[in-house]
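Q: Here it is, the structure in full.
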Amino acid sequence: MIGEVLVECAHMSCAYNSTLAIKSIDLTIRKGDFVGIVGPSGSGKTTLLKAILGSITPVEGHITKKPHLRMGYVPQVETVDWNFPVTVLEVVVMTRSSTGRLPRVTKDERADALLVLERLGLGGLENRHIRELSGGQQQRVFVARALFHRPELLVLDEPTSGVDVRTRHEVLHLLADLHDEGVSIILSTHDLNGLAAHLPRLVCLNSEIIADGLPVDVLTPEILEQTFGAPMEVLVHGGMPVVVDGVGADIAERMSRLA
Amino acid sequence: MIHVIAGLTTPFRYQFFNNGIIVATIAGALCGLLGVFVVLRGMSYIGHGLSHAVFGGAAASAVMNINYFVGAGVWGVASGVIIGRIARRRLIGADAAIGVVTTASFALGLALLNRYGQAKKSIEAVLFGSVLGVKTIDIVAVSAVAILSVVIVVALYRAFLFATFDPEVAQVSGVRVAWIEALLMGLLSLTILVTMRVIGTLLISALLVIPASIARMLTNSFARMLWISPIIGGMSAFTGMYLSYFLDTSASATIILTGTLMFIVVYAVTGIRGRTRISGLHHI
C-alpha cells in the first residue's frame, strides 16, 4: 500500500549567495518511507534536508508538505557544543519552547521525557550532563529530543558521522526500531557500507538526483562514479552490495609491485 | 568595638555612596544575568564593542546638550544597525565590522570631548565610571532594565536556552531565533547604557564576562547559572564598591578586581572540574 505523501519537492533548486547548491530536485517522501541521501561532501545533502525542514526557501520550483506535518531534526553531533551547561532532561524538553515558557519542567513534560529516554535506553541518565555520556548515548539524546516532539517525519543529518562501529550499529538498530513503530525517516550519509546499504531506499545526490531506488539498483559502479566522481567497484556479500573504492584497488596493486 | 563598627559603616553616611552602591549592585547582578548568554554564545567582544559605541553617543549628547539616555541610546542602536548592514554584505566578517564601527564611534567621542567638552573630566568619568555622578534617575533606569531583563528571561526561558544552545534546530522547531537574538542585543544595549556611568566604558565588558565564567565553573546547569551569575555579579559589585571607599581606588576597577579575585579562588577550588567546564569558552 502506498503511504500518504508527507513531503514533495518538484523541480526544486536551492542556492547560497546565487550559487546553486541543489537543482531540479524531484523527490517524494511518503508515510512509512526510510530514505537515505548519499553523495560526496558539498553535494547538497544538508541543503536538501534544510529545504525539507523549511529553514531554506527554494529559489526555483517548490516544496509542499502535508499540512501541520510534525518533523523532528537530529543535527550532526559534531556541531554540538558538548561543554554547554545542559543536562539530558533539559536537552530533551527544549523542543517544547513554545508551550513550556518557564524554567521549571512540568510533571507531564518530565513524565513524557522519561518515557522517551527509557524507550531509547537512556533511563536513569536524565540528570547527567551531556558531556558525561558515551558517543552512542549522546546521539540517542538528540534522537530523544526529536522524538519528544512526536514527529511523523524524523530528519537526521549524518547520524553516523564521526562515530565508532559499535555506535553506528546502535544508531542503525534504533532507527530500524523507530521505523517499525511507524516513524518515517530521511537521513543523509556518506557511509555507503555501514549505513546506506542497509536502508530500503537510497537517493544518490550530486547537486541533482542521480538515482533513486533500492540499494541493489542504486549502488552500481556507473551510478556511484557519476555521484562521487570517482571509480568504485561493487561486490555482493550476504546478498548485500559492498562498495569498494576503485582508486584504493589501484593503489593496492601499485603498492604490491613495490613490495 | 563601637569605633570599628562606626568606621565600617562610615561610607553609608553619604548619600552619593548609597546611590552608587545601589546602582553598582543592581548593575552587577544585571550584567551577571545577561553575561550568561554573552559567555555561552561566544559574544564577549560584543559587550566590549557596544560599550565603546555607546561612548561615542554619550560624548555627542554631552556636547550637544541632549539627554544622555536618548543620545547614547539612539547612537548605540544606530551602531548596531550599521554593524549588521556591513556584516550582511559579507565583504568583511561581523567581528571586523564590530571592530571598525565601535572603535570609530569611540574615537569620534574622544575627539568631540577634546574639541568641545570639558575634556579630561568627562572622558575619565565615561571611561572609568564615577560614583559621584550617580543620580536618582540612574537608580530608576538600572532597576527598570533589571526588572525588564528578569521578566523577559524567565518568560522566554526555553526559547533563550534553545536559541543559545542550538540555534539551527531551534529555528526549525518554531523558535524565532532572529527575534530572540535581537531582543538579547536590545537588552545588552540597554544594560550598557544604564550601567556605563557607574562602571565605565573600559571595564563594563569584564562585568559581563567574569560572573558568568565563575558560575560556569560552579555548575553544569544552565538554569542554575542564571541565578548564580547575578548573585556573583551583585556580590562583587557591592564588595568592590565598598572596598574602594577604604582603599581610595576607582570603584569600577575595584569591582572588577574583586570579581577577578573570586574567579581565581573558584578556579583554584573547583580544580580540573571547573577548568574542564570553562574549556569550551575559548573566546574569553
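Chain identifiers are assigned as A, B, and so on, following the order in which chains appear in the C-alpha cells; residues are numbered from 1 within each chain, and ligands are numbered from 1 in order of appearance.
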Please report, as CSV, each residue of chain B lying at most 8 Å from chain A, together with the nearest pair of atoms and the separation in Å rounded to one decimal; use only C-alpha atoms, and order rows by chain and ascending residue number.
A:
```
residue,atom,partner,partner_atom,distance
B:Leu40,CA,A:Phe84,CA,7.2
B:Val154,CA,A:Leu102,CA,5.8
B:Ala155,CA,A:Arg101,CA,5.6
B:Leu156,CA,A:Arg101,CA,5.4
B:Tyr157,CA,A:Pro103,CA,5.7
B:Arg158,CA,A:Ser97,CA,4.8
B:Ala159,CA,A:Ser97,CA,5.2
B:Leu161,CA,A:Met94,CA,7.6
B:Phe162,CA,A:Met94,CA,6.0
B:Phe165,CA,A:Phe84,CA,7.0
B:Asp166,CA,A:Val80,CA,7.5
B:Val169,CA,A:Tyr73,CA,6.8
B:Ala170,CA,A:Thr95,CA,7.3
B:Gln171,CA,A:Ser55,CA,7.3
B:Val172,CA,A:Ser55,CA,6.2
B:Ser173,CA,A:Thr95,CA,6.4
B:Gly174,CA,A:Ser98,CA,7.5
B:Val175,CA,A:Ser98,CA,7.2
B:Arg216,CA,A:Pro85,CA,7.5
B:Thr219,CA,A:Pro85,CA,7.5
B:Asn220,CA,A:Pro85,CA,4.5
B:Ser221,CA,A:Pro85,CA,4.8
B:Phe222,CA,A:Pro85,CA,5.1
B:Ala223,CA,A:Pro103,CA,6.8
B:Arg277,CA,A:Asn83,CA,6.2
B:Ile278,CA,A:Asn83,CA,7.6
B:Ser279,CA,A:Asn83,CA,7.6
B:Gly280,CA,A:Asn83,CA,5.6
```
Q: Could you take the residues named above and write them with C-alpha atoms, as a compact mmCIF listing (two decimals), in the first residue's frame?
A:
```txt
# COMPACT_ATOMS: atom_id res chain seq x y z
CA LEU B 40 27.78 30.86 26.27
CA VAL B 154 12.03 33.97 32.78
CA ALA B 155 9.10 34.31 30.37
CA LEU B 156 11.12 33.20 27.34
CA TYR B 157 13.50 30.89 29.20
CA ARG B 158 13.20 27.86 26.93
CA ALA B 159 13.38 29.90 23.73
CA LEU B 161 18.06 28.36 26.07
CA PHE B 162 17.24 26.62 22.77
CA PHE B 165 22.41 26.03 22.60
CA ASP B 166 21.28 25.06 19.12
CA VAL B 169 17.35 23.29 15.38
CA ALA B 170 15.56 25.95 17.44
CA GLN B 171 14.64 27.75 14.22
CA VAL B 172 13.35 24.51 12.69
CA SER B 173 11.36 23.80 15.88
CA GLY B 174 9.49 27.09 15.65
CA VAL B 175 11.62 29.38 17.83
CA ARG B 216 30.00 28.14 34.68
CA THR B 219 27.57 24.37 37.80
CA ASN B 220 26.69 22.24 34.81
CA SER B 221 23.13 23.56 34.70
CA PHE B 222 22.01 26.49 32.55
CA ALA B 223 19.10 27.25 34.92
CA ARG B 277 33.71 23.34 32.28
CA ILE B 278 35.16 26.63 31.00
CA SER B 279 37.43 24.94 28.46
CA GLY B 280 34.74 25.46 25.80
```
Q: If you count only C-alpha atoms, which residues fall within 10 Å of Ala206 (chain B), apart from same-chain ones fewer than 3 positions away, as a VMD selection string?
A: chain B and resid 31 35 44 47 to 48 199 202 to 203 209 to 211 255 to 257 259 to 260 284
Q: What would the file look like if the residues just selected were written as a compact mmCIF listing (two decimals), in the first residue's frame with all heavy atoms?
A:
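Okay, this is what ended up in out_27.txt:
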```txt
# COMPACT_ATOMS: atom_id res chain seq x y z
N CYS B 31 24.36 42.59 34.82
CA CYS B 31 25.42 42.14 33.91
C CYS B 31 25.67 40.64 34.09
O CYS B 31 25.95 39.92 33.13
CB CYS B 31 26.73 42.91 34.17
SG CYS B 31 26.64 44.62 33.60
N GLY B 35 25.23 38.27 31.13
CA GLY B 35 26.57 37.73 30.84
C GLY B 35 26.53 36.23 30.55
O GLY B 35 27.36 35.72 29.80
N SER B 44 31.68 37.65 23.85
CA SER B 44 32.33 38.54 24.81
C SER B 44 32.73 39.86 24.17
O SER B 44 32.70 40.91 24.80
CB SER B 44 33.57 37.87 25.39
OG SER B 44 33.19 36.68 26.02
N GLY B 47 30.05 42.89 24.11
CA GLY B 47 29.93 43.78 25.26
C GLY B 47 30.96 44.90 25.19
O GLY B 47 30.67 46.07 25.41
N HIS B 48 32.17 44.51 24.83
CA HIS B 48 33.28 45.45 24.69
C HIS B 48 32.95 46.47 23.59
O HIS B 48 33.07 47.68 23.79
CB HIS B 48 34.53 44.65 24.33
CG HIS B 48 35.80 45.39 24.45
ND1 HIS B 48 36.32 45.74 25.66
CD2 HIS B 48 36.64 45.86 23.50
CE1 HIS B 48 37.46 46.39 25.46
NE2 HIS B 48 37.67 46.47 24.17
N ILE B 199 30.08 52.05 35.95
CA ILE B 199 31.17 51.09 35.72
C ILE B 199 32.21 51.65 34.74
O ILE B 199 33.40 51.35 34.86
CB ILE B 199 30.61 49.75 35.16
CG1 ILE B 199 29.47 49.23 36.05
CG2 ILE B 199 31.70 48.69 35.04
CD1 ILE B 199 29.85 48.94 37.47
N LEU B 202 35.41 51.17 29.70
CA LEU B 202 36.51 50.23 29.55
C LEU B 202 36.31 48.93 30.32
O LEU B 202 36.82 47.88 29.92
CB LEU B 202 37.83 50.88 29.98
CG LEU B 202 38.34 52.01 29.08
CD1 LEU B 202 39.66 52.55 29.59
CD2 LEU B 202 38.50 51.52 27.64
N LEU B 203 35.58 48.98 31.43
CA LEU B 203 35.53 47.80 32.30
C LEU B 203 34.19 47.07 32.28
O LEU B 203 34.06 46.02 32.88
CB LEU B 203 35.88 48.20 33.74
CG LEU B 203 37.30 48.75 33.90
CD1 LEU B 203 37.53 49.28 35.30
CD2 LEU B 203 38.34 47.67 33.61
N VAL B 209 31.44 39.31 31.66
CA VAL B 209 32.10 38.02 31.41
C VAL B 209 32.48 37.28 32.71
O VAL B 209 32.26 36.08 32.83
CB VAL B 209 33.36 38.24 30.53
CG1 VAL B 209 34.18 36.98 30.44
CG2 VAL B 209 32.96 38.71 29.15
N ILE B 210 33.04 38.02 33.69
CA ILE B 210 33.60 37.35 34.88
C ILE B 210 32.56 36.58 35.70
O ILE B 210 32.74 35.39 35.97
CB ILE B 210 34.41 38.35 35.75
CG1 ILE B 210 35.64 38.82 34.98
CG2 ILE B 210 34.83 37.70 37.07
CD1 ILE B 210 36.41 39.95 35.65
N PRO B 211 31.43 37.20 36.12
CA PRO B 211 30.48 36.43 36.93
C PRO B 211 29.93 35.19 36.22
O PRO B 211 29.79 34.13 36.84
CB PRO B 211 29.35 37.45 37.19
CG PRO B 211 29.98 38.78 37.01
CD PRO B 211 30.99 38.60 35.94
N ILE B 255 35.72 46.89 41.67
CA ILE B 255 34.66 45.90 41.42
C ILE B 255 35.19 44.78 40.52
O ILE B 255 35.01 43.59 40.81
CB ILE B 255 33.44 46.59 40.74
CG1 ILE B 255 32.70 47.48 41.75
CG2 ILE B 255 32.48 45.56 40.15
CD1 ILE B 255 31.66 48.40 41.14
N ILE B 256 35.87 45.15 39.45
CA ILE B 256 36.39 44.15 38.52
C ILE B 256 37.48 43.31 39.19
O ILE B 256 37.53 42.08 39.03
CB ILE B 256 36.95 44.81 37.23
CG1 ILE B 256 35.87 45.64 36.54
CG2 ILE B 256 37.51 43.76 36.27
CD1 ILE B 256 34.57 44.94 36.22
N LEU B 257 38.34 43.96 39.99
CA LEU B 257 39.40 43.21 40.68
C LEU B 257 38.80 42.24 41.71
O LEU B 257 39.31 41.13 41.88
CB LEU B 257 40.38 44.17 41.35
CG LEU B 257 41.32 44.92 40.39
CD1 LEU B 257 42.13 45.97 41.14
CD2 LEU B 257 42.24 43.95 39.67
N GLY B 259 35.88 40.79 41.42
CA GLY B 259 35.38 39.69 40.59
C GLY B 259 36.49 38.78 40.13
O GLY B 259 36.37 37.55 40.14
N THR B 260 37.61 39.39 39.74
CA THR B 260 38.76 38.60 39.28
C THR B 260 39.30 37.72 40.40
O THR B 260 39.65 36.55 40.18
CB THR B 260 39.88 39.54 38.77
OG1 THR B 260 39.32 40.45 37.83
CG2 THR B 260 41.00 38.76 38.12
N ILE B 284 37.09 33.75 25.79
CA ILE B 284 37.36 34.58 26.98
C ILE B 284 38.87 34.74 27.18
O ILE B 284 39.60 33.79 27.10
CB ILE B 284 36.72 33.96 28.23
CG1 ILE B 284 35.22 34.05 28.09
CG2 ILE B 284 37.15 34.68 29.49
CD1 ILE B 284 34.47 33.34 29.14
```
Q: Looking only at strand (DSSP E) from DSSP on the backbone, list the matching residues of region 128-214 of chain A as a list in words.
A: Leu153, Leu154, Val155, Leu156, Asp157, Ser184, Ile185, Ile186, Leu187, Ser188, Thr189, Arg201, Leu202, Val203, Cys204, Leu205, Asn206, Glu208, Ile209, Ile210, Ala211, Asp212 and Gly213 of chain A
Q: Using only C-alpha atoms, which residues sit within 12 Å of region 234-248 of chain B once same-chain residues fewer than 3 positions away are excluded, as number ranges by chain?
A: B: 7-12, 14, 16-33, 129-132, 146, 195, 198-199, 204, 206-208, 210-212, 214, 227-231, 251-263
Q: Go through B:Trp179, B:Ile147, B:Trp75, B:Thr164 and flag the residue nearest Gly42 (chain B), using only C-alpha atoms for the distances.
A: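 Residue with the minimum atom-to-atom distance to Gly42 (chain B): B:Thr164.
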Q: Enter the distance from CA of Ser205 (chain B) to CA of Ile66 (chain B), in Å, rounded to one decimal.
A: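 Distance reported for this atom pair: 25.6 Å.
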Q: Based on DSSP run over this structure's backbone, return all residues of region 49-208 of chain B in alpha helix (DSSP H), as an MDAnalysis selection string.
A: chainID B and resid 49:63 68:88 94:116 119:128 136:155 157:165 167:172 177:199 204:208
Q: Keeping only C-alpha atoms, write the selected residues to a file as a short mmCIF file (atom, residue, chain, number, x, y, z; two decimals), in the first residue's frame.
A:
```cif
data_model
loop_
_atom_site.label_atom_id
_atom_site.label_comp_id
_atom_site.auth_asym_id
_atom_site.auth_seq_id
_atom_site.Cartn_x
_atom_site.Cartn_y
_atom_site.Cartn_z
CA GLY B 49 32.21 46.80 21.30
CA LEU B 50 28.77 48.04 22.37
CA SER B 51 30.18 49.94 25.34
CA HIS B 52 32.70 51.66 23.06
CA ALA B 53 29.96 52.52 20.57
CA VAL B 54 27.74 53.96 23.31
CA PHE B 55 30.69 56.11 24.47
CA GLY B 56 30.52 57.99 21.17
CA GLY B 57 26.83 58.66 21.78
CA ALA B 58 27.45 59.73 25.36
CA ALA B 59 30.09 62.22 24.20
CA ALA B 60 27.91 63.56 21.40
CA SER B 61 24.89 64.01 23.70
CA ALA B 62 27.09 65.83 26.27
CA VAL B 63 28.45 68.19 23.60
CA TYR B 68 22.29 61.14 27.93
CA PHE B 69 19.87 58.18 27.72
CA VAL B 70 18.30 59.47 24.49
CA GLY B 71 21.58 60.44 22.79
CA ALA B 72 23.62 57.41 23.78
CA GLY B 73 20.66 55.05 23.25
CA VAL B 74 19.99 56.23 19.68
CA TRP B 75 23.73 56.16 18.94
CA GLY B 76 24.04 52.60 20.28
CA VAL B 77 21.10 51.35 18.20
CA ALA B 78 22.47 53.11 15.09
CA SER B 79 25.87 51.47 15.63
CA GLY B 80 24.19 48.07 15.93
CA VAL B 81 22.25 48.63 12.68
CA ILE B 82 25.40 49.75 10.82
CA ILE B 83 27.32 46.72 12.12
CA GLY B 84 24.50 44.45 10.94
CA ARG B 85 24.42 46.04 7.47
CA ILE B 86 28.19 45.82 6.97
CA ALA B 87 28.27 42.22 8.21
CA ARG B 88 25.38 41.20 5.93
CA ALA B 94 31.00 40.51 11.71
CA ASP B 95 33.98 40.76 14.09
CA ALA B 96 35.77 43.18 11.77
CA ALA B 97 32.54 45.19 11.33
CA ILE B 98 32.18 45.46 15.13
CA GLY B 99 35.83 46.50 15.41
CA VAL B 100 35.59 49.22 12.75
CA VAL B 101 32.25 50.76 13.78
CA THR B 102 32.73 50.69 17.55
CA THR B 103 36.31 51.97 17.61
CA ALA B 104 35.36 54.70 15.11
CA SER B 105 32.47 55.66 17.40
CA PHE B 106 34.82 55.64 20.40
CA ALA B 107 37.39 57.80 18.57
CA LEU B 108 34.69 60.24 17.47
CA GLY B 109 33.51 60.51 21.08
CA LEU B 110 37.05 61.28 22.26
CA ALA B 111 37.54 63.89 19.54
CA LEU B 112 34.21 65.59 20.35
CA LEU B 113 35.07 65.79 24.05
CA ASN B 114 38.55 67.10 23.24
CA ARG B 115 37.21 69.75 20.94
CA TYR B 116 34.02 70.90 22.65
CA ALA B 119 37.55 67.02 28.08
CA LYS B 120 39.59 65.46 30.85
CA LYS B 121 36.89 65.22 33.50
CA SER B 122 34.21 63.99 31.08
CA ILE B 123 36.46 61.44 29.43
CA GLU B 124 37.61 59.96 32.74
CA ALA B 125 34.04 59.79 34.03
CA VAL B 126 32.82 57.87 30.98
CA LEU B 127 35.88 55.67 30.58
CA PHE B 128 36.21 54.62 34.20
CA THR B 136 18.18 59.07 41.27
CA ILE B 137 17.35 58.68 37.57
CA ASP B 138 20.27 56.19 37.30
CA ILE B 139 18.80 54.07 40.12
CA VAL B 140 15.40 54.10 38.43
CA ALA B 141 16.86 53.32 35.00
CA VAL B 142 19.08 50.42 36.11
CA SER B 143 16.24 48.96 38.24
CA ALA B 144 13.80 49.19 35.33
CA VAL B 145 16.20 47.44 32.92
CA ALA B 146 16.97 44.77 35.55
CA ILE B 147 13.26 44.04 36.12
CA LEU B 148 12.60 44.01 32.37
CA SER B 149 15.52 41.61 31.79
CA VAL B 150 14.41 39.21 34.54
CA VAL B 151 10.82 39.17 33.25
CA ILE B 152 11.91 38.53 29.65
CA VAL B 153 14.49 35.85 30.53
CA VAL B 154 12.03 33.97 32.78
CA ALA B 155 9.10 34.31 30.37
CA TYR B 157 13.50 30.89 29.20
CA ARG B 158 13.20 27.86 26.93
CA ALA B 159 13.38 29.90 23.73
CA PHE B 160 16.51 31.67 25.03
CA LEU B 161 18.06 28.36 26.07
CA PHE B 162 17.24 26.62 22.77
CA ALA B 163 18.38 29.57 20.63
CA THR B 164 21.65 29.76 22.59
CA PHE B 165 22.41 26.03 22.60
CA PRO B 167 20.01 27.99 17.00
CA GLU B 168 19.55 25.97 13.83
CA VAL B 169 17.35 23.29 15.38
CA ALA B 170 15.56 25.95 17.44
CA GLN B 171 14.64 27.75 14.22
CA VAL B 172 13.35 24.51 12.69
CA VAL B 177 15.79 32.85 16.66
CA ALA B 178 16.41 36.18 14.91
CA TRP B 179 13.83 37.83 17.16
CA ILE B 180 15.37 36.28 20.29
CA GLU B 181 18.83 37.49 19.22
CA ALA B 182 17.53 41.00 18.54
CA LEU B 183 15.86 41.00 21.95
CA LEU B 184 19.10 39.93 23.63
CA MET B 185 21.08 42.62 21.80
CA GLY B 186 18.46 45.19 22.83
CA LEU B 187 18.71 44.17 26.49
CA LEU B 188 22.52 44.24 26.29
CA SER B 189 22.48 47.73 24.79
CA LEU B 190 20.07 48.96 27.46
CA THR B 191 22.22 47.38 30.18
CA ILE B 192 25.36 49.07 28.90
CA LEU B 193 23.50 52.35 28.59
CA VAL B 194 22.25 52.38 32.18
CA THR B 195 25.39 51.00 33.84
CA MET B 196 28.11 52.79 31.88
CA ARG B 197 28.10 55.93 34.03
CA VAL B 198 29.00 53.87 37.11
CA ILE B 199 31.17 51.09 35.72
CA ILE B 204 31.89 47.01 31.61
CA SER B 205 32.63 44.01 29.39
CA ALA B 206 34.54 42.42 32.30
CA LEU B 207 31.41 42.61 34.45
CA LEU B 208 29.52 40.81 31.69
#
```
Q: Just to confirm, what's the straight-line distance from CA of Asp212 (chain A) to CA of Gly39 (chain A) in Å (one decimal)?
A: 12.1 Å
